[in-house]
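Take a look at the structure set out below.
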Amino acid sequence: MDQDQPHVPIPPYVRDLSGSSDSPLWSEWLLTNGLGGYAMGTTLGVPTRRYHGLLVASMNPPVDRVVALSSVVDRVTLGHNASLADATLTPFHFRGSDCRVIRPTIPVRFEKDVECRWRYEVPLVTGDHAVVTKTVHLFDRRNAVAISYGIEVDHGMPWAISLRPLVALRDFHALVRRDRARDRFHTRQVKGGILCLTRDAGLHLECAGAGFESGAEFWRSIEYAWEGRRGLDLIEDLYSPGAFVARGEGRLEELTLFASADTMSPEPIVPDRVARRVRLSKLTRDTIARAGEPEDGVQRLALARLAVASDDFVVQRGPASEGLSSVIAGYPWFSDWGRDTMISLPGLMLATGRHAEAFKTLAVFARHRRRGLIPNRFDDYSGPAHYNTVDASLWFLHAAAEYRLASGDHAGYEAELAPAALDIIDAYRRGTDYGIAMDPLDALISAGGPETQLTWMDAQRDGVVFTPRFGKAVEINALWHNGLVATARAIEGQDAARARELTELAARVRESFNERFVDPEGEGLIDCVVPRPDSSGAGRAWHAVREIRPNQIFAVSLPHGPLDAERAAGVVGCVRERLFTPKGLRTLSSEHEKYVGRLEGSMFNRDAAYHNGTVWPWLAGPFAEAVMRVGGFDEPSRAEARAILEPLVAELDAGYPGAIAEIFDGDETPPQRPDGCIAQAWSVAETLRVYALSFCRPGG
């Protein structure tokens with residue numbers, strides 16, 4: 001077998017761009033490096049976001065991300081004095097008159113697997129065409145990228161390639177303007193290449209086989225169309241230190257521009273490519289095996305592609321020497337969030353057999369807990385963790401118990417995870433930060449106040465709380481019941497008395513849950529009960545918020561739900577009828593006066609829609625699981641679950657090749673548009689976990 005081939009074929013995503021319309025401008029690709037860094041752009045090549053770049057480095061894995069190499073102006077000249085062809089490969093959008101006019105050659109084909117490849121057909125005056133190829137390879141566990149070019153032309157035809165790097169070296173949320181950064185960049189030639197520096201970061205550039213022609217300049221008024229859609233600043237000026245130029249004749253096998261934000265030397269591409277393909281091949285085999293080896297080839301391919309997509313989100317946290325792992329919530333802009341990590345961990349790591357990384361991830365969050373709370377998110381830079389969440393710790397109880405069942409690592413659970421789980425339960429019982437506490441009258445969890453956003457529906461802007469869900473929320477108490485039962489079962493072998501106590505408490509929670517959240521006046525479950533303004537203390541009165549939201553589905557989908565079979569079936573029916581779409585569940589019934597069906601406009605308008613109608617793909621996983629639980633995991637319920645998830649599997653080969661977006665429009669017509677992060681951890685994780693679950697009944 002050729003060493004450059006994986007043990008199990010991983011099919012690439014292919015786009016035919018010949019005669020392309022506007023759609024490739026909004027189709028985006030992503031490569032990740034396991035550190036939180038990435039490369040990202042459009043299949044057409046036009047940068048449309050401030051987050052696009054050929055090297056976005058994570059300087060403090062997996063955060064502190066810097067757009068180091070934004071783009072390359074790559075120009076290929078064929079023949080003598082450009083008499084046959086002169087092609088610029090990377091297009092740009094510019095704003096205003098102070099810009100450069102570029103007439104790019106549009107690629108005819110795009111492919112993505114472990115790297116991205118473009119094919120260009122450059123017309124010659126002879127009536128024939130030359131083929132130019134471009135490959136972007138992001139190195140695994142390095143802040144380094146290689147951009148390689150090849151040329152297929154007639155023997156003896158001269159060619160020249162000019163590669164002009166456009167450098168940003170700025171925080172990935174920011175933008176650079178020349179007028180405010182005239183003295184920001186410094187360049188010096190070093191052995192083998194050049195070094196671009198600012199006070200905070202550096203980029204090493206090297207191109208063996210090319211000479212460097214200095215000539216520092218700014219490329220002004222580059223416009224990022226997506227930023228305009230989001231109502232944000234959209235113009236940037238990028239710095240270029242000069243250009244690497246190579247000349248030759250006949251076929252060019254490979255010319256590679258190497259860029260790194262670390263201090264290590266360039267390395268060969270092939271070993272890194274082979275190692276990643278082999279690793280991903282093992283991941284797909286393990287995932288398919290854990291799903292019971294379905295015989296249908298389409299289903300096996302779906303599992304394989306979901307497994308490969310899942311790999312983007314599992315990242316290193318801290319120095320490699322510490323051996324810790326975490327989960328990036330979404331690319332391009334999220335860091336590792338506690339809630340997203342705990343929800344995603346069973347799909348990303350347990351369904352794929354990555355048990356060691358699962359334990360390391362759980363240990364990271366367990367060690368960072370504060371007064372019974374795991375972090376809501378780690379800071380984007382080096383600041384302290386943020387703890388403003390009520391559900392992340394409850395999802396930790398679930399993820400830790402699922403890890404124990406999937407891995408069989410009872411010793412690891414007992415040594416490190418059980419103490420954290422019991423600490424969380426004790427803190428919630430006695431009360432902790434943000435008003436999170438168990439109500440002694442009914443054993444349900446209450447949290448927050450009118451100005452806090454502690455559940456996953458947490459959008460707020462300019463002082464406006466768009467989904468005020470303080471008090472007792474339905475999914476929080478479903479998670480509370482599930483966590484008590486799961487933890488009790490996990491510790492009964494080492495502490496039978498404590499396990500009995502938790503089981504008895506869970507029984508109280510179950511009874512109160514049914515009294516509080518089963519709506520005698522409507523469909524499904526009450527979303528939230530909030531304290532009346534004029535009540536307080538032990539005699540506090542509660543008001544039911546009867547909004548049809550997807551949070552109720554967790555009372556059915558979790559392994560230890562608080563509902564009987566009849567009520568569980570009623571919840572599934574309500575969600576199917578009122579919230580389900582092919583791309584996931586709406587966050588609010590379309591009949592509600594607050595429903596917003598299109599996510600568009602300013603950031604304020606987008607945040608207002610975020611949880612008031614917008615569809616979230618990750619919720620399709622719990623819904624499909626609830627369908628199977630209500631159906632007793634019989635074959636019809638499994639088939640329905642797969643049918644629910646198949647449109648999301650198809651998304652892997654849609655606008656964002658190899659990824660599933662964070663959100664979609666709530667309205668199904670016109671077609672639901674993807675938005676938010678182009679690749680979201682729990683969108684992939686829950687689709688993978690429940691799709692795999694549909695082939696084999698859970699043990700819990």
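In the structure tokens, chains take the letters A, B, ... in the order shown, each chain's residues start at 1, and ligands count up from 1 in the order shown.
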
Using backbone DSSP assignments, extract all helix (DSSP H, G or I) residues from segment 289-413 of chain A; output them as a ChimeraX atom specification. /A:289-290,297-313,320-322,338-350,355-367,392-407,410-413

In segment 156-358 of chain A, what's strand (DSSP E or B) per DSSP? Answer as a PyMOL selection string? chain A and resi 158-171+186-190+193-197+202-206+211-223+235-249+252-260+314-317+324-327+330-331+337

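Coordinates place atom CA of Pro582 of chain A at a distance of 19.1 Å from atom CA of Val298 of chain A.
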
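Of the residues listed (A:Ile491, A:Val684, A:Val76, A:Val572), A:Val76 shows the shortest atom-to-atom separation from Gly150 of chain A; distances use only C-alpha atoms.
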
Selected residue, from A:Gly250, A:Gly353, A:Gly228, A:Gly211, that lies nearest to Ala289 of chain A when counting only C-alpha atoms: A:Gly353

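Nearest residue to Pro671 of chain A, choosing from A:Thr581, A:Thr389, A:Thr42, A:Gln494 and counting only C-alpha atoms: A:Thr581.
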
Using only C-alpha atoms, which residues sit within 8 Å of Ile328 of chain A once same-chain residues fewer than 3 positions away are excluded, as a PyMOL selection string? chain A and resi 36+62+313-315+331+334-337+341+681

List every residue of segment 200-310 of chain A that has an atom at most 9 Å from any atom of segment 584-607 of chain A, giving for each one its closest atom pair and the distance in Å to one decimal, counting only C-alpha atoms, sorted by chain and then by ascending residue number, as JSON lines.
{"residue": "A:Arg229", "atom": "CA", "partner": "A:Gly601", "partner_atom": "CA", "distance": 6.6}
{"residue": "A:Arg230", "atom": "CA", "partner": "A:Ser602", "partner_atom": "CA", "distance": 5.7}
{"residue": "A:Gly231", "atom": "CA", "partner": "A:Ser602", "partner_atom": "CA", "distance": 4.7}
{"residue": "A:Leu232", "atom": "CA", "partner": "A:Ser602", "partner_atom": "CA", "distance": 7.9}

Show which residues sit within 10 Å of segment 172-188 of chain A, as a PyMOL selection string. Count only C-alpha atoms, and ignore same-chain residues fewer than 4 positions away. chain A and resi 50-53+56-58+64-68+167-168+193-204+214+216-221+233-242+332-333

Min atom-atom distance to Leu558 of chain A from the set A:Arg49, A:Arg367, A:Arg117, A:His481, counting only C-alpha atoms, belongs to A:His481

When you look at segment 372-386 of chain A with a cut-off of 9 Å (counting only C-alpha atoms), what residues show up, excluding the ones that are within fewer than 6 positions of it in the same chain? I need them as a list in words.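 In the requested format, the answer is Asn60, Pro62, Val63, Asp64, Arg65, Phe334, Ser335, Asp336, Trp337, Gly338, Arg339, Asp340, Phe365, Ala366, Ala392, Ser393, Phe396, Ala420, Ala421, Leu422, Asp423, Ile424, Ile425, Asp426, Ala427, Tyr428, Thr432 and Asp433 of chain A.
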
Can you measure atom CA of Ser70 of chain A to atom CA of Leu89 of chain A for me? One decimal in Å is fine.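 Straight-line distance from atom CA of Ser70 of chain A to atom CA of Leu89 of chain A works out to 14.9 Å.
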
Excluding same-chain residues fewer than 4 positions from Arg285 of chain A, what lies within 9 Å of it counting only C-alpha atoms, as a list in words?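 Everything that qualifies: Val8, Leu280, Ser281, Ala289, Arg290, Ala304 and Thr352 of chain A.
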
May I have the residues from that selection written out with N, CA and C atoms, as a short mmCIF file (atom, residue, chain, number, x, y, z; two decimals), in the first residue's frame?
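Okay, again.cif is ready:
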data_model
loop_
_atom_site.label_atom_id
_atom_site.label_comp_id
_atom_site.auth_asym_id
_atom_site.auth_seq_id
_atom_site.Cartn_x
_atom_site.Cartn_y
_atom_site.Cartn_z
N VAL A 8 -8.29 3.18 5.81
CA VAL A 8 -9.69 3.18 5.40
C VAL A 8 -9.92 4.46 4.61
N LEU A 280 -7.27 9.51 11.56
CA LEU A 280 -8.69 9.66 11.28
C LEU A 280 -9.31 8.35 10.79
N SER A 281 -8.54 7.55 10.08
CA SER A 281 -9.03 6.24 9.66
C SER A 281 -9.35 5.36 10.86
N ALA A 289 -17.43 0.67 14.58
CA ALA A 289 -17.49 -0.54 15.41
C ALA A 289 -18.37 -0.32 16.63
N ARG A 290 -18.26 0.84 17.26
CA ARG A 290 -19.06 1.11 18.46
C ARG A 290 -20.53 1.27 18.14
N ALA A 304 -18.69 7.65 9.35
CA ALA A 304 -17.30 7.99 9.09
C ALA A 304 -17.13 9.50 8.96
N THR A 352 -16.70 7.85 19.80
CA THR A 352 -15.55 7.61 18.92
C THR A 352 -14.42 6.85 19.61
#

Atom CA of Phe92 of chain A to atom CA of Thr105 of chain A: how many Å, to one decimal?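 These two atoms are separated by 11.6 Å.
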